[in-house]
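The next block is structure_14.txt, given as compact mmCIF, C-alpha atoms and all ligand atoms.
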```txt
# COMPACT_ATOMS: atom_id res chain seq x y z
CA MET A 1 14.50 10.39 -11.67
CA THR A 2 16.02 7.43 -13.49
CA GLU A 3 17.09 4.01 -12.19
CA LYS A 4 20.70 5.09 -12.55
CA GLN A 5 20.22 7.78 -9.90
CA PHE A 6 19.33 5.08 -7.40
CA LEU A 7 22.69 3.35 -7.78
CA PRO A 8 24.80 4.00 -4.67
CA GLY A 9 27.35 6.76 -4.41
CA ASN A 10 30.69 6.35 -2.68
CA TYR A 11 30.21 5.05 0.81
CA LEU A 12 32.14 6.38 3.77
CA ASP A 13 33.88 3.83 5.96
CA LEU A 14 31.35 1.25 6.98
CA PRO A 15 30.45 1.46 10.67
CA LYS A 16 30.87 -1.77 12.65
CA SER A 17 27.28 -1.89 13.76
CA GLY A 18 24.14 0.15 14.15
CA LYS A 19 20.35 0.14 14.26
CA ALA A 20 17.52 1.94 12.48
CA THR A 21 13.81 1.86 13.34
CA TRP A 22 10.95 3.13 11.17
CA LYS A 23 7.17 2.95 11.25
CA ALA A 24 5.36 2.89 7.90
CA PRO A 25 1.61 2.95 7.33
CA SER A 26 -0.63 0.88 5.13
CA ASN A 27 -2.46 2.59 2.24
CA ILE A 28 -5.78 2.20 0.45
CA ALA A 29 -5.96 2.70 -3.30
CA LEU A 30 -8.71 4.85 -4.84
CA VAL A 31 -7.63 3.99 -8.39
CA LYS A 32 -6.32 0.43 -8.21
CA TYR A 33 -3.09 -1.21 -9.31
CA TRP A 34 -3.97 -4.61 -10.76
CA GLY A 35 -1.68 -6.05 -13.42
CA LYS A 36 2.06 -5.60 -13.84
CA LYS A 37 5.06 -6.16 -16.08
CA PRO A 38 8.53 -7.33 -15.02
CA VAL A 39 10.06 -6.14 -12.73
CA GLN A 40 7.26 -4.68 -10.64
CA ILE A 41 6.22 -2.17 -13.30
CA PRO A 42 2.50 -1.36 -13.00
CA ALA A 43 0.27 -1.91 -16.03
CA ASN A 44 -1.58 1.27 -15.07
CA PRO A 45 -1.13 4.20 -12.69
CA SER A 46 -2.79 4.17 -9.27
CA ILE A 47 -3.41 6.58 -6.39
CA SER A 48 -4.01 5.99 -2.69
CA PHE A 49 -4.74 7.54 0.64
CA THR A 50 -1.88 6.90 3.03
CA LEU A 51 -3.32 5.52 6.26
CA ASP A 52 -2.37 6.37 9.81
CA THR A 53 -3.25 3.73 12.42
CA CYS A 54 -2.60 0.55 10.43
CA ALA A 55 1.18 0.41 10.31
CA THR A 56 4.25 -1.77 10.60
CA THR A 57 7.19 -0.89 12.85
CA THR A 58 10.51 -2.41 11.82
CA SER A 59 13.99 -2.28 13.36
CA VAL A 60 17.06 -3.28 11.42
CA SER A 61 20.22 -3.95 13.46
CA PHE A 62 23.39 -4.51 11.48
CA ASP A 63 26.76 -6.02 12.43
CA LYS A 64 29.72 -6.09 10.10
CA LYS A 65 30.75 -9.60 9.06
CA GLU A 66 34.00 -10.94 7.75
CA ASP A 67 32.93 -12.55 4.51
CA ASN A 68 31.71 -10.22 1.81
CA GLY A 69 28.90 -11.59 -0.23
CA ALA A 70 26.30 -13.96 1.12
CA LEU A 71 23.14 -12.36 2.44
CA SER A 72 22.69 -13.07 6.12
CA PHE A 73 19.77 -12.05 8.31
CA ASP A 74 17.47 -13.15 11.13
CA LEU A 75 13.83 -12.22 11.16
CA LEU A 76 11.68 -11.73 14.24
CA PHE A 77 7.95 -11.06 14.09
CA ASP A 78 6.42 -9.88 17.37
CA GLY A 79 9.67 -10.90 19.05
CA LYS A 80 9.65 -14.49 17.74
CA PRO A 81 11.64 -15.99 14.84
CA LYS A 82 9.51 -16.15 11.70
CA GLU A 83 11.03 -18.54 9.19
CA ASP A 84 8.18 -18.43 6.67
CA PHE A 85 8.66 -14.68 6.00
CA LYS A 86 12.34 -15.19 5.19
CA PRO A 87 12.15 -16.31 1.52
CA LYS A 88 10.21 -13.16 0.56
CA ILE A 89 12.79 -10.94 2.29
CA HIS A 90 15.62 -12.93 0.71
CA THR A 91 14.18 -12.41 -2.79
CA PHE A 92 13.70 -8.72 -1.98
CA PHE A 93 17.31 -8.34 -0.81
CA GLU A 94 18.63 -10.09 -3.93
CA ARG A 95 16.54 -7.79 -6.10
CA ILE A 96 17.69 -4.55 -4.46
CA ARG A 97 21.30 -5.51 -3.72
CA GLU A 98 22.70 -3.63 -6.69
CA TYR A 99 21.22 -0.42 -5.24
CA VAL A 100 22.20 -1.04 -1.60
CA PRO A 101 25.42 -3.09 -1.83
CA PHE A 102 26.07 -2.81 1.91
CA LEU A 103 23.54 -5.66 2.19
CA GLY A 104 26.39 -8.15 1.61
CA LYS A 105 28.65 -6.63 4.24
CA TYR A 106 26.51 -7.04 7.35
CA HIS A 107 24.52 -9.59 9.26
CA PHE A 108 21.08 -8.08 9.87
CA THR A 109 18.53 -8.67 12.58
CA ILE A 110 15.10 -7.52 11.41
CA GLU A 111 12.44 -7.11 14.08
CA THR A 112 8.95 -6.31 12.90
CA SER A 113 5.45 -5.94 14.30
CA ASN A 114 2.09 -4.69 13.02
CA SER A 115 -0.34 -2.37 14.77
CA PHE A 116 -3.27 -4.30 13.36
CA PRO A 117 -4.28 -7.77 14.57
CA HIS A 118 -2.34 -10.71 13.16
CA SER A 119 -4.03 -12.32 10.13
CA SER A 120 -6.75 -9.67 10.02
CA GLY A 121 -6.81 -9.89 6.25
CA ILE A 122 -5.14 -6.47 6.12
CA ALA A 123 -2.18 -6.71 3.77
CA SER A 124 1.00 -6.17 5.72
CA SER A 125 3.20 -6.32 2.62
CA ALA A 126 2.72 -2.62 1.82
CA SER A 127 3.52 -1.28 5.29
CA GLY A 128 6.09 -4.03 5.93
CA MET A 129 8.13 -3.48 2.77
CA ALA A 130 7.88 0.30 3.21
CA ALA A 131 9.14 0.16 6.81
CA LEU A 132 12.00 -2.17 5.86
CA SER A 133 12.96 0.05 2.91
CA MET A 134 13.03 3.13 5.15
CA CYS A 135 15.36 1.30 7.57
CA LEU A 136 17.69 0.36 4.70
CA MET A 137 17.68 3.94 3.42
CA ASP A 138 18.48 5.08 6.94
CA VAL A 139 21.60 2.87 6.84
CA GLU A 140 22.44 4.22 3.38
CA LYS A 141 22.10 7.78 4.65
CA THR A 142 24.63 7.02 7.42
CA LEU A 143 27.04 5.85 4.73
CA ASN A 144 26.28 8.75 2.41
CA PRO A 145 25.19 11.70 4.60
CA SER A 146 25.06 14.24 1.78
CA MET A 147 22.18 12.41 0.10
CA ALA A 148 19.39 14.87 -0.79
CA GLU A 149 16.01 14.51 0.94
CA ASN A 150 14.02 14.01 -2.28
CA LEU A 151 16.42 11.29 -3.47
CA PHE A 152 16.18 9.60 -0.06
CA HIS A 153 12.38 9.36 -0.28
CA ALA A 154 12.23 8.48 -3.97
CA LYS A 155 14.79 5.72 -3.49
CA ALA A 156 12.93 4.38 -0.43
CA SER A 157 9.78 4.18 -2.55
CA TYR A 158 11.77 2.61 -5.41
CA LEU A 159 13.13 -0.11 -3.10
CA ALA A 160 9.71 -0.69 -1.51
CA ARG A 161 8.16 -1.16 -4.97
CA LEU A 162 10.65 -3.93 -5.69
CA GLY A 163 9.41 -5.66 -2.53
CA SER A 164 5.70 -5.17 -3.17
CA GLY A 165 4.13 -2.81 -5.70
CA SER A 166 1.66 -1.09 -3.40
CA ALA A 167 4.42 -0.57 -0.78
CA CYS A 168 5.88 2.27 -2.86
CA ARG A 169 2.74 4.27 -1.95
CA SER A 170 3.39 3.88 1.83
CA ILE A 171 6.43 6.15 2.21
CA LYS A 172 4.77 9.57 2.07
CA GLY A 173 1.36 11.04 2.84
CA SER A 174 -1.35 11.99 2.43
CA MET A 175 -2.06 10.95 -1.16
CA VAL A 176 0.48 9.12 -3.30
CA GLN A 177 0.35 8.49 -7.02
CA TRP A 178 2.39 5.73 -8.66
CA GLY A 179 2.75 4.96 -12.36
CA ALA A 180 3.70 7.14 -15.32
CA HIS A 181 0.80 9.29 -16.56
CA GLU A 182 1.24 11.91 -19.27
CA ASN A 183 -0.90 14.48 -17.43
CA ILE A 184 0.77 14.08 -14.03
CA PRO A 185 4.15 15.82 -13.88
CA ASN A 186 7.03 13.75 -12.47
CA SER A 187 4.86 10.61 -12.24
CA SER A 188 6.90 7.44 -12.60
CA ASP A 189 6.53 3.68 -12.92
CA LEU A 190 9.55 3.36 -10.64
CA TYR A 191 8.30 5.01 -7.44
CA GLY A 192 5.38 6.86 -5.88
CA ILE A 193 5.13 10.65 -5.70
CA GLU A 194 3.08 12.91 -3.46
CA TYR A 195 0.00 13.84 -5.48
CA PRO A 196 1.11 17.09 -7.15
CA PHE A 197 -2.26 18.80 -7.72
CA GLU A 198 -4.67 20.69 -5.51
CA VAL A 199 -6.48 18.54 -2.94
CA ASN A 200 -9.55 19.93 -1.16
CA SER A 201 -9.10 20.06 2.60
CA VAL A 202 -12.01 17.63 3.14
CA PHE A 203 -9.67 14.84 1.99
CA ASN A 204 -6.84 15.71 4.39
CA THR A 205 -8.87 14.37 7.30
CA PHE A 206 -10.88 11.70 5.48
CA CYS A 207 -11.76 8.67 7.62
CA ASP A 208 -11.35 5.02 6.68
CA THR A 209 -12.98 2.39 8.86
CA ILE A 210 -11.85 -1.11 7.90
CA LEU A 211 -14.50 -3.74 8.45
CA LEU A 212 -12.80 -7.09 9.07
CA VAL A 213 -15.18 -9.40 7.26
CA HIS A 214 -12.87 -12.35 6.84
CA LYS A 215 -9.60 -12.75 8.65
CA GLY A 216 -8.46 -16.07 7.16
CA GLN A 217 -6.01 -16.68 4.36
CA LYS A 218 -7.24 -15.59 0.90
CA GLN A 219 -7.67 -18.36 -1.70
CA VAL A 220 -5.72 -16.41 -4.31
CA SER A 221 -2.74 -14.16 -3.51
CA SER A 222 -2.33 -10.71 -5.04
CA THR A 223 0.79 -11.92 -6.85
CA VAL A 224 -1.26 -14.59 -8.64
CA GLY A 225 -4.11 -12.11 -9.21
CA HIS A 226 -1.75 -9.68 -10.95
CA GLN A 227 -0.47 -12.49 -13.18
CA LEU A 228 -3.99 -13.37 -14.25
CA MET A 229 -4.26 -9.95 -15.92
CA HIS A 230 -1.94 -11.32 -18.64
CA ASN A 231 -4.15 -12.48 -21.53
CA HIS A 232 -7.19 -11.28 -19.60
CA PRO A 233 -10.01 -10.48 -22.06
CA TYR A 234 -10.75 -7.06 -20.48
CA ALA A 235 -7.21 -6.06 -19.46
CA ASP A 236 -6.58 -3.38 -22.10
CA ASN A 237 -9.86 -1.62 -21.42
CA ARG A 238 -9.31 -1.82 -17.69
CA PHE A 239 -5.82 -0.30 -17.92
CA GLN A 240 -7.19 2.50 -20.12
CA GLN A 241 -9.98 3.12 -17.63
CA ALA A 242 -7.46 3.57 -14.79
CA PHE A 243 -5.55 6.18 -16.83
CA SER A 244 -8.74 8.12 -17.52
CA ASN A 245 -9.97 7.76 -13.92
CA LEU A 246 -6.82 9.57 -12.78
CA ASP A 247 -7.73 12.42 -15.16
CA ARG A 248 -11.31 12.42 -13.87
CA LEU A 249 -10.12 12.46 -10.28
CA LYS A 250 -8.16 15.72 -10.67
CA PRO A 251 -11.14 18.15 -10.59
CA ILE A 252 -12.92 15.95 -8.02
CA LEU A 253 -10.00 16.14 -5.59
CA ALA A 254 -9.60 19.86 -6.15
CA SER A 255 -13.27 20.71 -5.61
CA GLY A 256 -14.13 18.12 -2.96
CA ASP A 257 -17.11 16.93 -5.03
CA LEU A 258 -18.01 13.91 -2.91
CA GLU A 259 -20.80 12.70 -5.17
CA GLU A 260 -18.39 12.28 -8.06
CA PHE A 261 -15.69 10.96 -5.72
CA ILE A 262 -18.01 8.20 -4.53
CA LYS A 263 -18.95 7.14 -8.08
CA LEU A 264 -15.33 6.87 -9.12
CA VAL A 265 -14.09 5.10 -5.99
CA GLU A 266 -16.88 2.53 -5.79
CA SER A 267 -16.61 1.82 -9.50
CA GLU A 268 -12.85 1.21 -9.12
CA ALA A 269 -13.46 -1.22 -6.24
CA LEU A 270 -16.07 -3.22 -8.13
CA THR A 271 -14.02 -3.19 -11.33
CA LEU A 272 -11.05 -4.66 -9.43
CA HIS A 273 -13.22 -7.54 -8.25
CA ALA A 274 -14.84 -7.88 -11.68
CA MET A 275 -11.33 -8.45 -13.08
CA MET A 276 -10.89 -11.28 -10.59
CA MET A 277 -14.24 -12.82 -11.50
CA THR A 278 -13.43 -12.68 -15.22
CA SER A 279 -9.87 -14.04 -14.97
CA MET A 280 -9.12 -17.58 -16.12
CA PRO A 281 -9.09 -19.28 -13.70
CA TYR A 282 -11.76 -17.02 -12.15
CA PHE A 283 -12.05 -16.37 -8.45
CA ILE A 284 -14.11 -14.41 -5.93
CA LEU A 285 -12.56 -12.80 -2.85
CA MET A 286 -15.72 -11.10 -1.60
CA LYS A 287 -17.85 -12.94 0.97
CA PRO A 288 -21.63 -12.79 1.45
CA ASP A 289 -21.06 -10.28 4.27
CA THR A 290 -19.04 -8.05 1.92
CA LEU A 291 -22.15 -7.74 -0.28
CA GLU A 292 -24.47 -7.27 2.70
CA ILE A 293 -22.31 -4.35 3.81
CA ILE A 294 -22.24 -2.79 0.33
CA ASN A 295 -26.02 -2.95 0.10
CA LYS A 296 -26.45 -1.44 3.56
CA VAL A 297 -24.04 1.38 2.68
CA TRP A 298 -26.03 2.17 -0.47
CA GLU A 299 -29.31 2.13 1.46
CA TYR A 300 -27.87 4.34 4.24
CA ARG A 301 -26.49 6.84 1.73
CA SER A 302 -29.75 7.03 -0.14
CA GLU A 303 -31.77 7.56 3.07
CA THR A 304 -29.46 9.96 4.91
CA LYS A 305 -27.60 11.69 2.04
CA ILE A 306 -24.44 11.21 4.11
CA PRO A 307 -21.49 10.80 1.72
CA LEU A 308 -20.33 7.41 2.97
CA CYS A 309 -18.80 5.07 0.39
CA PHE A 310 -16.81 1.86 0.27
CA THR A 311 -13.73 0.57 -1.41
CA LEU A 312 -12.18 -2.89 -1.47
CA ASP A 313 -8.69 -4.29 -1.42
CA ALA A 314 -7.80 -7.71 -2.77
CA GLY A 315 -9.88 -9.45 -0.10
CA ALA A 316 -13.26 -9.59 1.61
CA ASN A 317 -12.71 -6.69 4.02
CA VAL A 318 -14.51 -3.42 3.33
CA HIS A 319 -12.93 0.03 3.68
CA LEU A 320 -15.56 2.67 4.50
CA LEU A 321 -14.55 6.17 3.45
CA TYR A 322 -16.25 9.30 4.84
CA PRO A 323 -15.48 12.90 5.78
CA LEU A 324 -14.50 13.66 9.38
CA SER A 325 -17.59 15.87 9.76
CA GLU A 326 -19.77 12.70 9.53
CA LYS A 327 -17.69 10.69 11.98
CA GLU A 328 -20.28 10.40 14.74
CA ASN A 329 -23.18 9.47 12.46
CA VAL A 330 -21.19 6.94 10.47
CA ARG A 331 -19.59 5.32 13.50
CA LYS A 332 -23.00 4.82 15.08
CA PHE A 333 -24.25 3.25 11.84
CA ILE A 334 -21.22 0.94 11.75
CA LYS A 335 -21.69 -0.14 15.36
CA ASP A 336 -25.44 -0.66 15.08
CA ASN A 337 -25.72 -2.09 11.56
CA LEU A 338 -22.42 -3.27 10.11
CA ALA A 339 -20.45 -4.77 13.02
CA GLU A 340 -22.65 -7.87 12.80
CA HIS A 341 -21.11 -8.64 9.38
CA CYS A 342 -17.55 -8.51 10.73
CA GLU A 343 -15.67 -11.54 12.03
CA ASN A 344 -15.93 -11.36 15.84
CA GLY A 345 -17.52 -7.93 15.34
CA GLN A 346 -14.08 -6.44 14.62
CA TYR A 347 -13.32 -3.25 12.74
CA ILE A 348 -10.55 -0.63 12.82
CA HIS A 349 -11.04 3.14 12.70
CA ASP A 350 -8.29 4.66 10.62
CA GLY A 351 -7.88 7.76 8.50
CA VAL A 352 -5.61 9.66 6.17
CA GLY A 353 -2.06 9.87 7.53
CA SER A 354 1.22 11.50 6.73
CA GLY A 355 3.65 8.73 5.82
CA ALA A 356 6.55 6.81 7.34
CA ILE A 357 8.28 8.14 10.47
CA LYS A 358 11.61 7.41 12.13
CA ILE A 359 11.39 6.01 15.64
CA ASN A 360 14.22 7.00 17.91
CA SER A 361 15.37 3.95 19.81
C1 LIG A 401 -3.69 -1.67 -4.89
N1 LIG A 401 -3.70 -4.15 -4.60
O1 LIG A 401 -3.62 -0.76 -5.74
C2 LIG A 401 -4.17 -3.03 -5.38
C3 LIG A 401 -5.66 -3.09 -5.29
C4 LIG A 401 -4.76 -4.92 -4.07
C5 LIG A 401 -5.98 -4.43 -4.68
O2 LIG A 401 -1.57 -3.66 -4.93
O3 LIG A 401 2.71 -8.52 -6.25
O4 LIG A 401 0.70 -6.68 -2.73
O5 LIG A 401 3.47 -7.38 -4.15
O6 LIG A 401 3.30 -6.09 -6.30
O7 LIG A 401 1.08 -4.64 -4.16
C6 LIG A 401 -1.95 -5.69 -3.86
O8 LIG A 401 -0.87 -6.15 -4.58
O9 LIG A 401 1.25 -6.91 -5.17
C7 LIG A 401 -2.40 -4.43 -4.51
P1 LIG A 401 2.77 -7.23 -5.48
P2 LIG A 401 0.61 -6.02 -4.06
O10 LIG A 401 -3.44 -1.48 -3.69
```
What would the structure in this file look like if it were written as structure tokens?
Ligand code: 2P0
Amino acid sequence: MTEKQFLPGNYLDLPKSGKATWKAPSNIALVKYWGKKPVQIPANPSISFTLDTCATTTSVSFDKKEDNGALSFDLLFDGKPKEDFKPKIHTFFERIREYVPFLGKYHFTIETSNSFPHSSGIASSASGMAALSMCLMDVEKTLNPSMAENLFHAKASYLARLGSGSACRSIKGSMVQWGAHENIPNSSDLYGIEYPFEVNSVFNTFCDTILLVHKGQKQVSSTVGHQLMHNHPYADNRFQQAFSNLDRLKPILASGDLEEFIKLVESEALTLHAMMMTSMPYFILMKPDTLEIINKVWEYRSETKIPLCFTLDAGANVHLLYPLSEKENVRKFIKDNLAEHCENGQYIHDGVGSGAIKINS
């Protein structure tokens, strides 16, 4: 699909008011997106597991207003006004207005809440922008009911990407690929697609336990981190590596070869953080406990042969990935050996999910 296809069709008469509610999950990348070009075009393709438990629920209520133009909205987070989120939403609305021009015709009340604890260090931008985009597409669908299902989802992902890159991977499940790749049919820089190749059933129920190592604010935001890939000495090689890792992943996902899966996923996580450490200015988002956990995971895997591995987001938290068949063993190991490295002993058991869902109010 091209950008032109995301321009709006002819709207029916605009309803006076209405409300849409959607829940969208977070996602965890296996091959990472790190580096971008304007506007929100990834420097390399990425792929992620859509999560299930970690999610944002957003309601958008809309009331027709007299003037036609200025953007107007209120934002409530956990039921309370949240002024500091507003500039990001305002920029997002300005960016997507051309594609959803009804934005200028209504006053919106956006109510949002996360399933995961506030400031847990889990990025809410992916699930948040995905949930908001689904609500806006819901409004668009009311105005243009003949819209095809595949266009609806592709456009939701397209809008979400313009809010936050990784958000475009939070619309569908269970694995989403984003970024044009010559060997992946229909892949696009503009939106995420459901991974089109064979995926072994072991991955459909894969578990992800998120160890909350550090819940405070990160010193460097992802937006700044992406920018530091410009003029980065290793950027070109890194982008190339991501392209070839997507090729390497294809037979691994089809066969369910967990040994090879682990090598690729852990290497991607450490490469992401190596890019941060070799940026100028350089920075480190891992904490001592992040490294303690990684070492314990390696030791446990070597002793037990249980295929437990880790991946990292842009932060100190650790995502532990393992097949459902090892759930009991791994959860005991986490409780007995890893919880002590988590802030207040906190972690979240999550797993592969199936994408955003509409909530009937
Ligand atoms: C990812 N991350 O693939 C990578 C790996 C974090 C580490 O995408 O500036 O919040 O909003 O497009 O998507 C985090 O960056 O950045 C991210 P913006 P985003 O999941």
* Asked: Which residues come within 7 Å of region 299-316 of chain A, counting all atoms listed in the file, excluding same-chain residues fewer than 6 positions away, as a PyMOL selection string?
  -> chain A and resi 213-214+218+222+258+262+265-266+269+285-287+290+322
* To do: Name the residues, by chain letter and number, that sit within 9 Å of ligand LIG 401 (chain A) using only C-alpha atoms and all ligand atoms, and give them as a PyMOL selection string.
  => chain A and resi 27-36+40-42+45-48+123-126+161-169+221-227+269+272-273+312-315
* To do: Figure out the distance between CA of Gln177 (chain A) and CA of Trp298 (chain A), please, to one decimal in Å.
  =>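 Those two atoms sit 27.9 Å apart.
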* To do: Compare A:Ala180, A:Leu320, A:Ile110, A:Leu159 by their minimum atom-to-atom distance to Lys80 (chain A), counting all atoms listed in the file, and give me the closest one.
  => A:Ile110
* Measure the distance from CA of Leu324 (chain A) to CA of Val199 (chain A) in Å and round it to one decimal. =>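 Computing it gives 15.5 Å between the two atoms.
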* To do: Rank A:Leu71, A:Met129, A:Leu253, A:Leu12 by their smallest atom-to-atom distance to Thr142 (chain A), using all atoms listed in the file, and report the top residue only.
  =>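 So, comparing all the options, the nearest one is A:Leu12.
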* Asked: So, counting all atoms listed in the file, which residue among A:Thr50, A:Val39, A:Glu111, A:Ser59 is closest to Gly79 (chain A)?
  ->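 Ranked by minimum distance to Gly79 (chain A), first place goes to A:Glu111.
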* To do: Find the spatial neighbours of Ala24 (chain A), counting only C-alpha atoms, within a cut-off of 12 Å - ignore same-chain residues fewer than 2 positions away - and output them as a PyMOL selection string.
  => chain A and resi 21-22+26-27+50-59+112-115+124-135+156-157+160+167-173+353-359
* Taking into account only C-alpha atoms, which residue in the set A:Gly179, A:Val202, A:His118, A:Met137 is nearest to Phe77 (chain A)? ->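 Using only C-alpha atoms, the shortest distance to Phe77 (chain A) belongs to A:His118.
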* Asked: Which of these, A:Cys207, A:Met229, A:Ala254, A:Leu76, has the shortest distance to Val330 (chain A) once you count only C-alpha atoms?
  ->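 Result for the nearest residue to Val330 (chain A): A:Cys207.
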* Which of these, A:Gly216, A:Glu268, A:His107, A:Leu75, has the shortest distance to Lys88 (chain A) once you count all atoms listed in the file? ->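 With all atoms listed in the file as the atom set, the closest residue is A:Leu75.
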* **Å distance separating CA of Asp13 (chain A) from CA of Lys155 (chain A), one decimal place** =>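 About the pair CA of Asp13 (chain A) and CA of Lys155 (chain A): they are 21.4 Å apart.
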* To do: Around the point (26.6, 2.5, 4.5) in the file's coordinates, collect all residues with an atom within 10 Å, using all atoms listed in the file, and return them as a list in words.
  => Pro8, Gly9, Asn10, Tyr11, Leu12, Asp13, Leu14, Pro15, Val100, Pro101, Phe102, Leu103, Lys105, Tyr106, Leu136, Met137, Asp138, Val139, Glu140, Lys141, Thr142, Leu143, Asn144 and Pro145 of chain A
* **Point (24.3, -1.3, 10.7), cut-off 8 Å, counting all atoms listed in the file, residues as a list in words** =>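 Every polymer residue passing the test: Pro15, Lys16, Ser17, Gly18, Lys19, Ala20, Val60, Ser61, Phe62, Asp63, Lys64, Tyr106, Phe108 and Val139 of chain A.
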